[in-house]
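Input: a single structure, listed below in structure tokens.
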Amino acid sequence: MLKLEEEICKRGKIMNGEILKVDSFLNHQVDPKLMEAIGEEFYHYFKKYPITKVVTIETSGIAPALMCALKLEVPMIFIKKAQPSTMQEAYVSHVFSFTKNKSYTICLSKHLIDKEDHILFIDDFLANGQAFLGVEQIIREAGAVIDGVGIVIDKTFQDGHLLIKEKGYDLYSLAKIKSLDENGVIFDESL
Ligand code: 5GP
């Protein structure tokens, strides 16, 4: 997605060889027009499936997931990173965070997803695929089907891209980055 690639080049900051900071338009401050365009792009790709719910993990996946859900006219669910006392019956899984270098618990209230559901998972970044694996476990437990995985920024030099493809999922990434270094961001047009 050209507009997204332009924003990454203009406003993204390379933290080290593996982490891209995009807190001026996606991870902290959010650009609504860009999110709208991202939602439309995901919508056009995934409308071929009978999606009933868009699922993400809080926090940074919420903006793109919501814009896509709006276009698909289905609810958006954000899986929580801690179980609130009001959530009694929950599916629980664990995710190792690549950026925080520690594990955290994710949970979903059981009444929100069931075996009739067709899920589109959306996230801001794909690195090693750990967030996806945690969500996959929860969706499986709920008996629902994952029809597709939509990623805003996919760092294809890490393991997640191949992991999700090898599991047979329909993965659609809007910006694919094959390297991040002192020369800048190099996009991957080959995958
Ligand atoms: P994974 O679960 O695929 O290993 O990592 C994905 C999650 O880690 C994303 O939801 C995102 O929050 C975070 N993440 C991974 N790589 C980056 C990055 O380069 N920049 C930022 N800002 N977050 C990242």
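Quick note on naming: the chains in the structure tokens go A, B, ... in the order shown, residues restart at 1 in each chain, and ligands are numbered from 1 in order of appearance.
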
Can you check which residues of chain A DSSP gives as alpha helix (DSSP H) on the backbone and send them as a PyMOL selection string? chain A and resi 2-11+32-46+62-72+130-142+160-166

Show me which residues sit within 9 Å of ligand 1 when counting only C-alpha atoms and all ligand atoms, and put them as a PDB file with N, CA, C and O atoms, in the first residue's frame.
ATOM      1  N   ILE A  14      13.740   4.218  12.828  1.00  0.00           N
ATOM      2  CA  ILE A  14      14.348   2.905  13.038  1.00  0.00           C
ATOM      3  C   ILE A  14      15.065   2.914  14.387  1.00  0.00           C
ATOM      4  O   ILE A  14      15.951   3.736  14.624  1.00  0.00           O
ATOM      5  N   MET A  15      14.638   2.013  15.279  1.00  0.00           N
ATOM      6  CA  MET A  15      15.185   2.007  16.636  1.00  0.00           C
ATOM      7  C   MET A  15      16.486   1.210  16.715  1.00  0.00           C
ATOM      8  O   MET A  15      17.404   1.536  17.417  1.00  0.00           O
ATOM      9  N   GLU A  18      15.866  -4.058  14.157  1.00  0.00           N
ATOM     10  CA  GLU A  18      14.646  -4.875  14.132  1.00  0.00           C
ATOM     11  C   GLU A  18      13.361  -4.139  14.485  1.00  0.00           C
ATOM     12  O   GLU A  18      12.281  -4.640  14.197  1.00  0.00           O
ATOM     13  N   ILE A  19      13.462  -2.974  15.126  1.00  0.00           N
ATOM     14  CA  ILE A  19      12.241  -2.307  15.597  1.00  0.00           C
ATOM     15  C   ILE A  19      12.032  -0.973  14.888  1.00  0.00           C
ATOM     16  O   ILE A  19      12.944  -0.157  14.779  1.00  0.00           O
ATOM     17  N   LEU A  20      10.813  -0.794  14.403  1.00  0.00           N
ATOM     18  CA  LEU A  20      10.426   0.444  13.741  1.00  0.00           C
ATOM     19  C   LEU A  20       9.435   1.176  14.648  1.00  0.00           C
ATOM     20  O   LEU A  20       8.455   0.586  15.096  1.00  0.00           O
ATOM     21  N   LYS A  21       9.718   2.461  14.903  1.00  0.00           N
ATOM     22  CA  LYS A  21       8.827   3.253  15.739  1.00  0.00           C
ATOM     23  C   LYS A  21       7.891   4.047  14.827  1.00  0.00           C
ATOM     24  O   LYS A  21       8.356   4.778  13.949  1.00  0.00           O
ATOM     25  N   VAL A  22       6.602   3.869  15.029  1.00  0.00           N
ATOM     26  CA  VAL A  22       5.624   4.576  14.189  1.00  0.00           C
ATOM     27  C   VAL A  22       4.599   5.273  15.096  1.00  0.00           C
ATOM     28  O   VAL A  22       3.396   5.229  14.832  1.00  0.00           O
ATOM     29  N   ASP A  23       5.105   5.900  16.151  1.00  0.00           N
ATOM     30  CA  ASP A  23       4.179   6.474  17.134  1.00  0.00           C
ATOM     31  C   ASP A  23       3.592   7.814  16.710  1.00  0.00           C
ATOM     32  O   ASP A  23       2.796   8.395  17.434  1.00  0.00           O
ATOM     33  N   LEU A  26       0.537   5.571  14.118  1.00  0.00           N
ATOM     34  CA  LEU A  26      -0.131   4.280  14.360  1.00  0.00           C
ATOM     35  C   LEU A  26      -0.119   3.827  15.819  1.00  0.00           C
ATOM     36  O   LEU A  26      -1.124   3.339  16.324  1.00  0.00           O
ATOM     37  N   ASN A  27       1.015   3.976  16.517  1.00  0.00           N
ATOM     38  CA  ASN A  27       1.160   3.363  17.837  1.00  0.00           C
ATOM     39  C   ASN A  27       0.937   4.270  19.043  1.00  0.00           C
ATOM     40  O   ASN A  27       0.990   3.801  20.181  1.00  0.00           O
ATOM     41  N   THR A  56      -8.554  -8.251  17.241  1.00  0.00           N
ATOM     42  CA  THR A  56      -7.184  -7.774  17.389  1.00  0.00           C
ATOM     43  C   THR A  56      -6.776  -7.903  18.850  1.00  0.00           C
ATOM     44  O   THR A  56      -7.548  -8.408  19.666  1.00  0.00           O
ATOM     45  N   ILE A  57      -5.539  -7.478  19.170  1.00  0.00           N
ATOM     46  CA  ILE A  57      -5.110  -7.422  20.569  1.00  0.00           C
ATOM     47  C   ILE A  57      -4.916  -5.951  20.903  1.00  0.00           C
ATOM     48  O   ILE A  57      -4.362  -5.190  20.097  1.00  0.00           O
ATOM     49  N   GLU A  58      -5.352  -5.550  22.120  1.00  0.00           N
ATOM     50  CA  GLU A  58      -5.132  -4.151  22.490  1.00  0.00           C
ATOM     51  C   GLU A  58      -3.625  -3.885  22.575  1.00  0.00           C
ATOM     52  O   GLU A  58      -2.877  -4.798  22.886  1.00  0.00           O
ATOM     53  N   THR A  59      -3.103  -2.734  22.265  1.00  0.00           N
ATOM     54  CA  THR A  59      -3.833  -1.533  21.976  1.00  0.00           C
ATOM     55  C   THR A  59      -3.701  -1.127  20.498  1.00  0.00           C
ATOM     56  O   THR A  59      -4.669  -0.661  19.890  1.00  0.00           O
ATOM     57  N   SER A  60      -2.535  -1.302  19.932  1.00  0.00           N
ATOM     58  CA  SER A  60      -2.291  -0.652  18.632  1.00  0.00           C
ATOM     59  C   SER A  60      -3.008  -1.286  17.447  1.00  0.00           C
ATOM     60  O   SER A  60      -3.073  -0.689  16.376  1.00  0.00           O
ATOM     61  N   GLY A  61      -3.544  -2.484  17.629  1.00  0.00           N
ATOM     62  CA  GLY A  61      -4.316  -3.079  16.536  1.00  0.00           C
ATOM     63  C   GLY A  61      -5.728  -2.517  16.438  1.00  0.00           C
ATOM     64  O   GLY A  61      -6.426  -2.717  15.430  1.00  0.00           O
ATOM     65  N   VAL A  95       1.394 -14.751  25.615  1.00  0.00           N
ATOM     66  CA  VAL A  95       2.131 -14.255  24.446  1.00  0.00           C
ATOM     67  C   VAL A  95       3.479 -13.726  24.904  1.00  0.00           C
ATOM     68  O   VAL A  95       3.555 -12.992  25.901  1.00  0.00           O
ATOM     69  N   PHE A  96       4.528 -14.075  24.152  1.00  0.00           N
ATOM     70  CA  PHE A  96       5.834 -13.466  24.439  1.00  0.00           C
ATOM     71  C   PHE A  96       5.972 -12.221  23.578  1.00  0.00           C
ATOM     72  O   PHE A  96       5.883 -12.286  22.356  1.00  0.00           O
ATOM     73  N   SER A  97       6.171 -11.076  24.250  1.00  0.00           N
ATOM     74  CA  SER A  97       6.267  -9.814  23.519  1.00  0.00           C
ATOM     75  C   SER A  97       7.680  -9.576  23.021  1.00  0.00           C
ATOM     76  O   SER A  97       8.632  -9.529  23.800  1.00  0.00           O
ATOM     77  N   PHE A  98       7.751  -9.357  21.705  1.00  0.00           N
ATOM     78  CA  PHE A  98       9.034  -9.121  21.056  1.00  0.00           C
ATOM     79  C   PHE A  98       9.624  -7.769  21.475  1.00  0.00           C
ATOM     80  O   PHE A  98      10.815  -7.652  21.755  1.00  0.00           O
ATOM     81  N   THR A  99       8.781  -6.754  21.584  1.00  0.00           N
ATOM     82  CA  THR A  99       9.301  -5.418  21.894  1.00  0.00           C
ATOM     83  C   THR A  99       9.542  -5.220  23.391  1.00  0.00           C
ATOM     84  O   THR A  99      10.419  -4.461  23.784  1.00  0.00           O
ATOM     85  N   LYS A 100       8.751  -5.924  24.231  1.00  0.00           N
ATOM     86  CA  LYS A 100       8.915  -5.721  25.681  1.00  0.00           C
ATOM     87  C   LYS A 100       9.786  -6.799  26.316  1.00  0.00           C
ATOM     88  O   LYS A 100      10.124  -6.724  27.497  1.00  0.00           O
ATOM     89  N   ASP A 123      -3.603  -6.994  12.978  1.00  0.00           N
ATOM     90  CA  ASP A 123      -2.675  -6.435  13.963  1.00  0.00           C
ATOM     91  C   ASP A 123      -1.802  -5.359  13.310  1.00  0.00           C
ATOM     92  O   ASP A 123      -1.680  -5.301  12.086  1.00  0.00           O
ATOM     93  N   ASP A 124      -1.193  -4.524  14.162  1.00  0.00           N
ATOM     94  CA  ASP A 124      -0.373  -3.429  13.644  1.00  0.00           C
ATOM     95  C   ASP A 124       0.929  -3.939  13.039  1.00  0.00           C
ATOM     96  O   ASP A 124       1.324  -3.535  11.955  1.00  0.00           O
ATOM     97  N   PHE A 125       1.612  -4.844  13.755  1.00  0.00           N
ATOM     98  CA  PHE A 125       2.903  -5.374  13.299  1.00  0.00           C
ATOM     99  C   PHE A 125       2.884  -6.892  13.313  1.00  0.00           C
ATOM    100  O   PHE A 125       2.207  -7.511  14.138  1.00  0.00           O
ATOM    101  N   LEU A 126       3.682  -7.475  12.429  1.00  0.00           N
ATOM    102  CA  LEU A 126       3.992  -8.903  12.524  1.00  0.00           C
ATOM    103  C   LEU A 126       5.507  -9.020  12.629  1.00  0.00           C
ATOM    104  O   LEU A 126       6.239  -8.534  11.764  1.00  0.00           O
ATOM    105  N   ALA A 127       5.956  -9.633  13.746  1.00  0.00           N
ATOM    106  CA  ALA A 127       7.397  -9.848  13.936  1.00  0.00           C
ATOM    107  C   ALA A 127       7.638 -11.364  13.956  1.00  0.00           C
ATOM    108  O   ALA A 127       7.852 -11.977  12.913  1.00  0.00           O
ATOM    109  N   ASN A 128       7.524 -11.977  15.134  1.00  0.00           N
ATOM    110  CA  ASN A 128       7.747 -13.434  15.208  1.00  0.00           C
ATOM    111  C   ASN A 128       6.458 -14.252  15.246  1.00  0.00           C
ATOM    112  O   ASN A 128       6.495 -15.471  15.366  1.00  0.00           O
ATOM    113  N   GLY A 129       5.349 -13.578  15.198  1.00  0.00           N
ATOM    114  CA  GLY A 129       4.069 -14.288  15.139  1.00  0.00           C
ATOM    115  C   GLY A 129       3.548 -14.760  16.491  1.00  0.00           C
ATOM    116  O   GLY A 129       2.583 -15.520  16.561  1.00  0.00           O
ATOM    117  N   GLN A 130       4.145 -14.293  17.581  1.00  0.00           N
ATOM    118  CA  GLN A 130       3.741 -14.777  18.908  1.00  0.00           C
ATOM    119  C   GLN A 130       2.336 -14.299  19.283  1.00  0.00           C
ATOM    120  O   GLN A 130       1.553 -15.049  19.868  1.00  0.00           O
ATOM    121  N   ALA A 131       2.018 -13.057  18.959  1.00  0.00           N
ATOM    122  CA  ALA A 131       0.667 -12.544  19.249  1.00  0.00           C
ATOM    123  C   ALA A 131      -0.358 -13.374  18.479  1.00  0.00           C
ATOM    124  O   ALA A 131      -1.385 -13.781  19.034  1.00  0.00           O
ATOM    125  N   PHE A 132      -0.057 -13.661  17.213  1.00  0.00           N
ATOM    126  CA  PHE A 132      -0.986 -14.459  16.417  1.00  0.00           C
ATOM    127  C   PHE A 132      -1.189 -15.840  17.034  1.00  0.00           C
ATOM    128  O   PHE A 132      -2.323 -16.330  17.122  1.00  0.00           O
ATOM    129  N   LEU A 133      -0.110 -16.480  17.478  1.00  0.00           N
ATOM    130  CA  LEU A 133      -0.233 -17.835  18.048  1.00  0.00           C
ATOM    131  C   LEU A 133      -1.134 -17.839  19.289  1.00  0.00           C
ATOM    132  O   LEU A 133      -1.925 -18.757  19.488  1.00  0.00           O
ATOM    133  N   GLY A 134      -0.992 -16.811  20.117  1.00  0.00           N
ATOM    134  CA  GLY A 134      -1.843 -16.696  21.307  1.00  0.00           C
ATOM    135  C   GLY A 134      -3.307 -16.538  20.930  1.00  0.00           C
ATOM    136  O   GLY A 134      -4.190 -17.186  21.509  1.00  0.00           O
ATOM    137  N   ILE A 153       2.001  -3.656   9.214  1.00  0.00           N
ATOM    138  CA  ILE A 153       3.437  -3.649   8.882  1.00  0.00           C
ATOM    139  C   ILE A 153       4.030  -5.019   9.210  1.00  0.00           C
ATOM    140  O   ILE A 153       4.071  -5.431  10.374  1.00  0.00           O
ATOM    141  N   ASP A 154       4.455  -5.699   8.177  1.00  0.00           N
ATOM    142  CA  ASP A 154       4.953  -7.075   8.296  1.00  0.00           C
ATOM    143  C   ASP A 154       6.477  -7.039   8.087  1.00  0.00           C
ATOM    144  O   ASP A 154       6.949  -6.689   7.000  1.00  0.00           O
ATOM    145  N   LYS A 155       7.217  -7.386   9.134  1.00  0.00           N
ATOM    146  CA  LYS A 155       8.683  -7.412   9.014  1.00  0.00           C
ATOM    147  C   LYS A 155       9.059  -8.821   8.565  1.00  0.00           C
ATOM    148  O   LYS A 155       9.260  -9.722   9.380  1.00  0.00           O
ATOM    149  N   GLN A 158      11.693 -11.363   9.881  1.00  0.00           N
ATOM    150  CA  GLN A 158      11.500 -12.139  11.114  1.00  0.00           C
ATOM    151  C   GLN A 158      10.620 -13.357  10.801  1.00  0.00           C
ATOM    152  O   GLN A 158      10.199 -13.553   9.660  1.00  0.00           O
ATOM    153  N   ASP A 159      10.350 -14.186  11.822  1.00  0.00           N
ATOM    154  CA  ASP A 159       9.779 -15.511  11.552  1.00  0.00           C
ATOM    155  C   ASP A 159       8.267 -15.561  11.320  1.00  0.00           C
ATOM    156  O   ASP A 159       7.743 -16.544  10.813  1.00  0.00           O
ATOM    157  N   GLY A 160       7.555 -14.510  11.741  1.00  0.00           N
ATOM    158  CA  GLY A 160       6.093 -14.582  11.746  1.00  0.00           C
ATOM    159  C   GLY A 160       5.460 -14.792  10.391  1.00  0.00           C
ATOM    160  O   GLY A 160       4.503 -15.569  10.264  1.00  0.00           O
ATOM    161  N   HIS A 161       5.976 -14.119   9.368  1.00  0.00           N
ATOM    162  CA  HIS A 161       5.384 -14.199   8.028  1.00  0.00           C
ATOM    163  C   HIS A 161       5.318 -15.652   7.541  1.00  0.00           C
ATOM    164  O   HIS A 161       4.258 -16.159   7.164  1.00  0.00           O
TER     165      HIS A 161
END

Residues within 12 Å of A:Lys10, please, as a PyMOL selection string. Count only C-alpha atoms; anything in the same chain fewer than 5 positions from it doesn't count. chain A and resi 3-5+21-22+24-25+184-185

Where does DSSP see strand (DSSP E or B) in stretch 20-150 of chain A, if you list the residues as a ChimeraX atom specification? /A:20-21,53-57,76-80,90-97,102-109,118-126,145-150

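Atom CA of A:Ile138 lies 17.8 Å from atom CA of A:Gly168.
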
Residues near A:Phe42, anyone? I mean within 10 Å using only C-alpha atoms, not counting same-chain ones fewer than 3 positions away, as a VMD selection string. chain A and resid 37 to 39 45 to 47 64 to 65 67 to 69 71 to 72 120 122 149 to 152 172 to 174

Would you mind exporting C-alpha atoms of the selected residues as a short mmCIF file (atom, residue, chain, number, x, y, z; two decimals), in the first residue's frame?
data_model
loop_
_atom_site.label_atom_id
_atom_site.label_comp_id
_atom_site.auth_asym_id
_atom_site.auth_seq_id
_atom_site.Cartn_x
_atom_site.Cartn_y
_atom_site.Cartn_z
CA ALA A 37 -7.56 3.90 3.96
CA ILE A 38 -6.07 0.87 5.74
CA GLY A 39 -9.54 -0.32 6.74
CA TYR A 45 -9.09 -8.01 0.17
CA PHE A 46 -11.08 -9.92 2.82
CA LYS A 47 -14.67 -9.25 1.71
CA PRO A 64 -6.96 -0.47 11.89
CA ALA A 65 -9.20 -3.33 13.11
CA MET A 67 -11.88 0.76 10.47
CA CYS A 68 -11.93 -2.61 8.73
CA ALA A 69 -14.85 -3.85 10.88
CA LYS A 71 -16.43 -1.44 6.30
CA LEU A 72 -17.29 -5.13 6.76
CA LEU A 120 -10.43 -11.90 10.59
CA ILE A 122 -5.81 -7.76 12.30
CA VAL A 149 -4.84 -12.46 8.88
CA GLY A 150 -4.38 -8.77 8.02
CA ILE A 151 -1.16 -7.04 9.08
CA VAL A 152 -0.38 -3.34 8.71
CA TYR A 172 -2.44 -10.02 3.65
CA SER A 173 0.18 -7.46 4.71
CA LEU A 174 -0.07 -3.83 3.64
#
